[in-house]
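S.K.: Sharing a structure here in structure tokens format.
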Amino acid sequence: MKKIFKKKILTGFLVASIGTISLVSCTRNISNDVTEIHQKAVVSINEFSNGTVNLLVDGANILPTSEGTYQIDLNKTATFVVTPNEGYKLFSLTINGVDISDSLEFTFSLATTYQVEVTFALIEEENGNNEEEKKATIQISEDIQNGQISFRNFNNPAEVELNSTIYIVYTPNKGYYLSSLTVNGSNILSSKYFVASEAITYTVSATFASSYDGEANYDYLYANTRISPSRGSQSVDIDEYYEPIRGLSGEALKNGLHQIIHEHTEYSYSALWQSMPKTDVDIDNPSKIIRTYEGSVNENGSSTFNREHTWAKSHGGFGESAPCGTDMHHLRPADYDLNRWRGNYDFGVVASHSSSNTQQSKSWWTDAMDGNYVGTGLNTTATVFEPKDEFKGDVARMIFYMAVRYDGSNGELNLEVSGNRDTSRYNTFNYGSADGRHGNFVDLYDWATSTIDPVSDFEVNRNNIIDQEYQHNRNPFIDHPEFIEMIYDKNYNGPGALNDK
């Protein structure tokens, strides 16, 4: 609704010897009403509000002599300055009925009696459409099949404040996965959020594709096109390695994988200085390593990295002791300061991607670190660390590996993935009684089962090297990321592991 404002009128009477008024950069014909001649020019300004009107003589402010009356020596140059208060603008300015409101400053010599009328108005009065009052409309397409999507932080449909961040929640039906996600035709599949920056309608559309139809199809979970899982010269090849879990799902698959990977060669924590340049080599530039949460950097031995426990060592209290504390499958090289900043936080989506949730002002921050955040979680009230997109899948697959490798048997710790989840749909494996817990489940599960960061050549190569040259066990969720859905989704009824019906 347009607001109505009562206009304030400023009236001044300017009296002096006969002359002309000279305006900045222009000349106007102002009708003269000669009354009397004085040795002084006199200016009287009535009371007004929402702005100021100053008179300057030779560049200096003059003060009223009495009752708002100004006296100016003849033959002096006077400047009439109009200044609206903050939030106001000059709405109208006339002298003897002539509009001169295209400027806020006028220089003149006094000649006769002038009647000045000034009106100040709120800036929003003129256009009647205050930017703060504008809203964006968000809605979900009505033709979505084989799954559901919703807004995490708003109802559907909804009017939202401009520049609101809109997060998408998606739930595929049994046997389907989210294959496309768009807003007004723009792809947001990798991020699953957008910013409603204009006062328009944003329509979110999604497509759910079948993950199995006779033959399981999990191609969307793989990004590697050159490197294949390989056990090298070991006596048992990949097919034989996973044969014991063929056809399994749910808890049986989790336990079966544990039996395959639980025995591995252990190394000391100090040995990681020598192994990491090999396990985390940049396959496109072997003179560099991939530092987690950051990317490719020059490799100068241990001087270039810290040893980051992806599963924070305090989440179970195993410190730097074998086997948990030295397991290469979750230990990654990292920048010293970035590693300290991550601390021991759970992983998850940070609710606000604002400057206050980054360390970009720090001298150690590099452009390659952009996209990492620490702050209150979107899906949990706890503080979480959100890695940049290209490491989200890596992190999730390492966390799920730890929960399978360490199940409390043989005197070892029991580690489980914890945090916010729909327990009617997803298995918990009694994580509340585990020795060590890491989360946040809903975010980690999303990162591991979506297209945000599929398995990469780097991960496959790293898995191969750890298996072939060091521990002689594998992270099964790099070889078969679909196993995560098969284990944790209570409603999964597709083919068993390794596409066995």
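Chain lettering (A, B, ...) mirrors the order of the structure tokens, residue numbering begins at 1 for each chain separately, and ligand numbering begins at 1 in order of display.
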I'd like the contact shell of Gly325 of chain A - 10 Å cut-off, only C-alpha atoms, skipping same-chain residues fewer than 5 positions apart - returned as a short mmCIF file (atom, residue, chain, number, x, y, z; two decimals) with all heavy atoms, in the first residue's frame.
M.R.:
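Dumped everything to selection-v8.cif:
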```cif
data_model
loop_
_atom_site.label_atom_id
_atom_site.label_comp_id
_atom_site.auth_asym_id
_atom_site.auth_seq_id
_atom_site.Cartn_x
_atom_site.Cartn_y
_atom_site.Cartn_z
N TYR A 267 50.25 -49.56 10.04
CA TYR A 267 51.46 -48.73 9.99
C TYR A 267 51.45 -47.74 11.15
O TYR A 267 50.40 -47.47 11.73
CB TYR A 267 51.55 -47.97 8.65
CG TYR A 267 51.92 -48.85 7.49
CD1 TYR A 267 50.96 -49.64 6.85
CD2 TYR A 267 53.23 -48.91 7.03
CE1 TYR A 267 51.30 -50.46 5.78
CE2 TYR A 267 53.59 -49.72 5.97
CZ TYR A 267 52.61 -50.50 5.35
OH TYR A 267 52.96 -51.32 4.30
N SER A 268 52.61 -47.20 11.45
CA SER A 268 52.69 -46.19 12.50
C SER A 268 52.23 -44.84 11.96
O SER A 268 52.17 -44.61 10.74
CB SER A 268 54.13 -46.06 13.02
OG SER A 268 54.97 -45.53 11.99
N TYR A 269 51.93 -43.95 12.87
CA TYR A 269 51.49 -42.60 12.48
C TYR A 269 52.61 -41.86 11.74
O TYR A 269 52.35 -41.14 10.77
CB TYR A 269 51.06 -41.83 13.72
CG TYR A 269 50.37 -40.53 13.45
CD1 TYR A 269 49.17 -40.48 12.74
CD2 TYR A 269 50.89 -39.33 13.94
CE1 TYR A 269 48.52 -39.28 12.50
CE2 TYR A 269 50.24 -38.12 13.71
CZ TYR A 269 49.07 -38.11 12.99
OH TYR A 269 48.43 -36.92 12.75
N HIS A 309 42.92 -36.39 10.15
CA HIS A 309 42.01 -37.51 10.42
C HIS A 309 40.62 -37.10 9.94
O HIS A 309 39.95 -36.28 10.59
CB HIS A 309 41.97 -37.83 11.90
CG HIS A 309 43.21 -38.46 12.43
ND1 HIS A 309 44.33 -37.73 12.76
CD2 HIS A 309 43.51 -39.76 12.70
CE1 HIS A 309 45.28 -38.54 13.21
NE2 HIS A 309 44.81 -39.77 13.19
N TRP A 311 37.89 -38.94 9.91
CA TRP A 311 37.11 -39.29 11.11
C TRP A 311 37.90 -38.74 12.28
O TRP A 311 38.95 -39.28 12.65
CB TRP A 311 36.95 -40.80 11.23
CG TRP A 311 36.05 -41.23 12.35
CD1 TRP A 311 36.29 -41.11 13.69
CD2 TRP A 311 34.76 -41.83 12.24
NE1 TRP A 311 35.25 -41.59 14.43
CE2 TRP A 311 34.28 -42.04 13.56
CE3 TRP A 311 33.95 -42.20 11.17
CZ2 TRP A 311 33.03 -42.63 13.82
CZ3 TRP A 311 32.71 -42.78 11.43
CH2 TRP A 311 32.25 -42.98 12.73
N ALA A 312 37.46 -37.64 12.86
CA ALA A 312 38.22 -36.96 13.90
C ALA A 312 38.59 -37.93 15.00
O ALA A 312 37.74 -38.68 15.50
CB ALA A 312 37.41 -35.79 14.45
N LYS A 313 39.87 -37.93 15.38
CA LYS A 313 40.37 -38.91 16.34
C LYS A 313 39.71 -38.79 17.71
O LYS A 313 39.68 -39.76 18.47
CB LYS A 313 41.89 -38.81 16.46
CG LYS A 313 42.42 -37.43 16.79
CD LYS A 313 43.95 -37.38 16.61
CE LYS A 313 44.49 -35.98 16.86
NZ LYS A 313 45.96 -35.93 16.60
N SER A 314 39.16 -37.62 18.04
CA SER A 314 38.45 -37.46 19.32
C SER A 314 37.09 -38.15 19.30
O SER A 314 36.49 -38.37 20.35
CB SER A 314 38.28 -35.98 19.65
OG SER A 314 37.50 -35.33 18.67
N GLY A 316 35.93 -41.06 19.34
CA GLY A 316 36.26 -42.44 19.63
C GLY A 316 37.48 -42.53 20.52
O GLY A 316 37.76 -43.57 21.11
N GLY A 317 38.22 -41.42 20.57
CA GLY A 317 39.37 -41.34 21.46
C GLY A 317 40.53 -42.22 21.07
O GLY A 317 41.34 -42.61 21.93
N PHE A 318 40.68 -42.55 19.77
CA PHE A 318 41.77 -43.44 19.37
C PHE A 318 43.08 -42.72 19.10
O PHE A 318 44.12 -43.34 18.90
CB PHE A 318 41.37 -44.26 18.14
CG PHE A 318 40.78 -43.46 17.01
CD1 PHE A 318 41.56 -42.67 16.19
CD2 PHE A 318 39.41 -43.50 16.77
CE1 PHE A 318 41.02 -41.94 15.15
CE2 PHE A 318 38.85 -42.78 15.72
CZ PHE A 318 39.65 -42.00 14.91
N GLY A 319 43.03 -41.38 19.09
CA GLY A 319 44.26 -40.61 18.93
C GLY A 319 45.02 -40.96 17.66
O GLY A 319 44.45 -41.01 16.58
N GLU A 320 46.31 -41.25 17.82
CA GLU A 320 47.17 -41.56 16.68
C GLU A 320 47.66 -43.00 16.73
O GLU A 320 48.69 -43.35 16.16
CB GLU A 320 48.36 -40.59 16.68
CG GLU A 320 47.92 -39.14 16.51
CD GLU A 320 49.02 -38.13 16.81
OE1 GLU A 320 50.13 -38.57 17.19
OE2 GLU A 320 48.76 -36.92 16.68
N HIS A 330 41.33 -43.07 5.76
CA HIS A 330 40.68 -41.83 6.17
C HIS A 330 41.68 -40.74 6.55
O HIS A 330 41.27 -39.64 6.92
CB HIS A 330 39.70 -42.08 7.33
CG HIS A 330 40.32 -42.10 8.69
ND1 HIS A 330 40.10 -41.11 9.63
CD2 HIS A 330 41.15 -42.98 9.28
CE1 HIS A 330 40.77 -41.39 10.75
NE2 HIS A 330 41.42 -42.52 10.56
N LEU A 331 42.97 -41.01 6.46
CA LEU A 331 43.98 -40.00 6.76
C LEU A 331 44.45 -39.36 5.47
O LEU A 331 44.87 -40.05 4.53
CB LEU A 331 45.16 -40.64 7.50
CG LEU A 331 44.91 -40.75 9.00
CD1 LEU A 331 45.59 -41.97 9.59
CD2 LEU A 331 45.39 -39.48 9.70
#
```
S.K.: Return the single residue from A:Val57, A:Val281, A:Leu248, A:Ile100 that is closest to Asn463 of chain A, with distances computed using only C-alpha atoms.
M.R.: A:Val281
S.K.: At a cut-off of 6 Å, using only C-alpha atoms, what residues contact segment 344-354 of chain A? Leave out same-chain residues fewer than 4 positions from it and give the result as a ChimeraX atom specification.
M.R.: /A:312,375-378,384-386,438-440,443
S.K.: Which residues are near Gln234 of chain A? Cut-off 12 Å, only C-alpha atoms, ignore same chain within fewer than 4 positions. Put them as a PyMOL selection string.
M.R.: chain A and resi 230+238+240-241+464+467-469+472-473
S.K.: Which one of A:Tyr470, A:Tyr401, A:Trp365, A:Phe391 sits closest to Arg291 of chain A if you count only C-alpha atoms?
M.R.: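 Among the listed residues, A:Phe391 lies closest to Arg291 of chain A.
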S.K.: Give me, please, the distance in Å between atom CA of Leu178 of chain A and atom CA of Pro229 of chain A, quoted to one decimal.
M.R.: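 Taking atom CA of Leu178 of chain A and atom CA of Pro229 of chain A, their separation equals 25.7 Å.
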S.K.: Let's see if you can do this: from backbone DSSP, list all helix (DSSP H, G or I) residues in segment 252-349 of chain A, as JSON, numbers by chain.
M.R.: {"A": [252, 253, 254, 255, 256, 257, 258, 259, 260, 261, 272, 273, 274, 275, 276, 277, 278, 279, 324, 325, 326, 336, 337, 338, 339, 340, 341, 342]}
S.K.: Nearest residue to Leu338 of chain A out of A:Val374, A:Leu415, A:Ile138, A:Ile261, using only C-alpha atoms?
M.R.: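 That would be A:Val374, the residue with the smallest distance to Leu338 of chain A.
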S.K.: If you measure from atom CA of His315 of chain A to atom CA of Ser433 of chain A, what distance in Å do you get, rounded to one decimal?
M.R.: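 Rounded to one decimal, the two atoms are 13.0 Å apart.
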S.K.: Just give me the gap between atom CA of Phe458 of chain A and atom CA of Ser233 of chain A in Å, one decimal is fine.
M.R.: 20.4 Å
S.K.: Point out the residue among A:Leu56, A:Ile140, A:Leu253, A:Ile188 with the least atom-to-atom distance to Ser205 of chain A, counting only C-alpha atoms.
M.R.: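 Among the listed residues, A:Ile140 lies closest to Ser205 of chain A.
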S.K.: Might you pull out every residue within 8 Å of Ser210 of chain A, with only C-alpha atoms counted and same-chain residues fewer than 6 positions away left off, and present them as JSON, numbers by chain?
M.R.: {"A": [175, 176, 177, 217]}
S.K.: Kindly provide the residues of segment 413-474 of chain A that approach segment 189-200 of chain A to within 9 Å, each paired with its closest atom pair and their distance in Å to one decimal, based on only C-alpha atoms, listed by chain and increasing number, as a tab-separated table.
M.R.:
```
residue	atom	partner	partner_atom	distance
A:Ser450	CA	A:Ser190	CA	8.3
A:Thr451	CA	A:Ser190	CA	6.3
A:Ile452	CA	A:Ser190	CA	4.3
A:Asp453	CA	A:Ser190	CA	7.7
```
S.K.: Kindly export the residues of the current selection with all heavy atoms, as a PDB file, in the first residue's frame.
M.R.:
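Wrote selection-v3.pdb, looks like this:
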```pdb
ATOM      1  N   SER A 450      24.467 -38.980  -4.278  1.00  0.00           N
ATOM      2  CA  SER A 450      23.988 -38.046  -5.293  1.00  0.00           C
ATOM      3  C   SER A 450      25.108 -37.753  -6.288  1.00  0.00           C
ATOM      4  O   SER A 450      26.200 -38.310  -6.211  1.00  0.00           O
ATOM      5  CB  SER A 450      23.510 -36.745  -4.646  1.00  0.00           C
ATOM      6  OG  SER A 450      24.622 -36.006  -4.153  1.00  0.00           O
ATOM      7  N   THR A 451      24.833 -36.859  -7.197  1.00  0.00           N
ATOM      8  CA  THR A 451      25.818 -36.491  -8.217  1.00  0.00           C
ATOM      9  C   THR A 451      26.680 -35.307  -7.801  1.00  0.00           C
ATOM     10  O   THR A 451      27.438 -34.783  -8.615  1.00  0.00           O
ATOM     11  CB  THR A 451      25.098 -36.132  -9.533  1.00  0.00           C
ATOM     12  OG1 THR A 451      24.177 -35.059  -9.288  1.00  0.00           O
ATOM     13  CG2 THR A 451      24.351 -37.333 -10.085  1.00  0.00           C
ATOM     14  N   ILE A 452      26.585 -34.872  -6.547  1.00  0.00           N
ATOM     15  CA  ILE A 452      27.334 -33.681  -6.147  1.00  0.00           C
ATOM     16  C   ILE A 452      28.840 -33.904  -6.252  1.00  0.00           C
ATOM     17  O   ILE A 452      29.583 -33.006  -6.626  1.00  0.00           O
ATOM     18  CB  ILE A 452      26.938 -33.242  -4.721  1.00  0.00           C
ATOM     19  CG1 ILE A 452      27.505 -31.855  -4.417  1.00  0.00           C
ATOM     20  CG2 ILE A 452      27.371 -34.273  -3.680  1.00  0.00           C
ATOM     21  CD1 ILE A 452      26.970 -31.254  -3.148  1.00  0.00           C
ATOM     22  N   ASP A 453      29.321 -35.112  -5.946  1.00  0.00           N
ATOM     23  CA  ASP A 453      30.754 -35.413  -6.053  1.00  0.00           C
ATOM     24  C   ASP A 453      30.929 -36.916  -6.238  1.00  0.00           C
ATOM     25  O   ASP A 453      31.289 -37.635  -5.308  1.00  0.00           O
ATOM     26  CB  ASP A 453      31.505 -34.929  -4.804  1.00  0.00           C
ATOM     27  CG  ASP A 453      33.000 -35.229  -4.878  1.00  0.00           C
ATOM     28  OD1 ASP A 453      33.537 -35.291  -6.000  1.00  0.00           O
ATOM     29  OD2 ASP A 453      33.616 -35.408  -3.808  1.00  0.00           O
TER      30      ASP A 453
END
```
S.K.: What parts of segment 341-471 of chain A does DSSP call strand (DSSP E or B)? I'd like the answer as a PyMOL selection string.
M.R.: chain A and resi 346-347+350+373-377+383-386+407+414-417+426+436-438+455
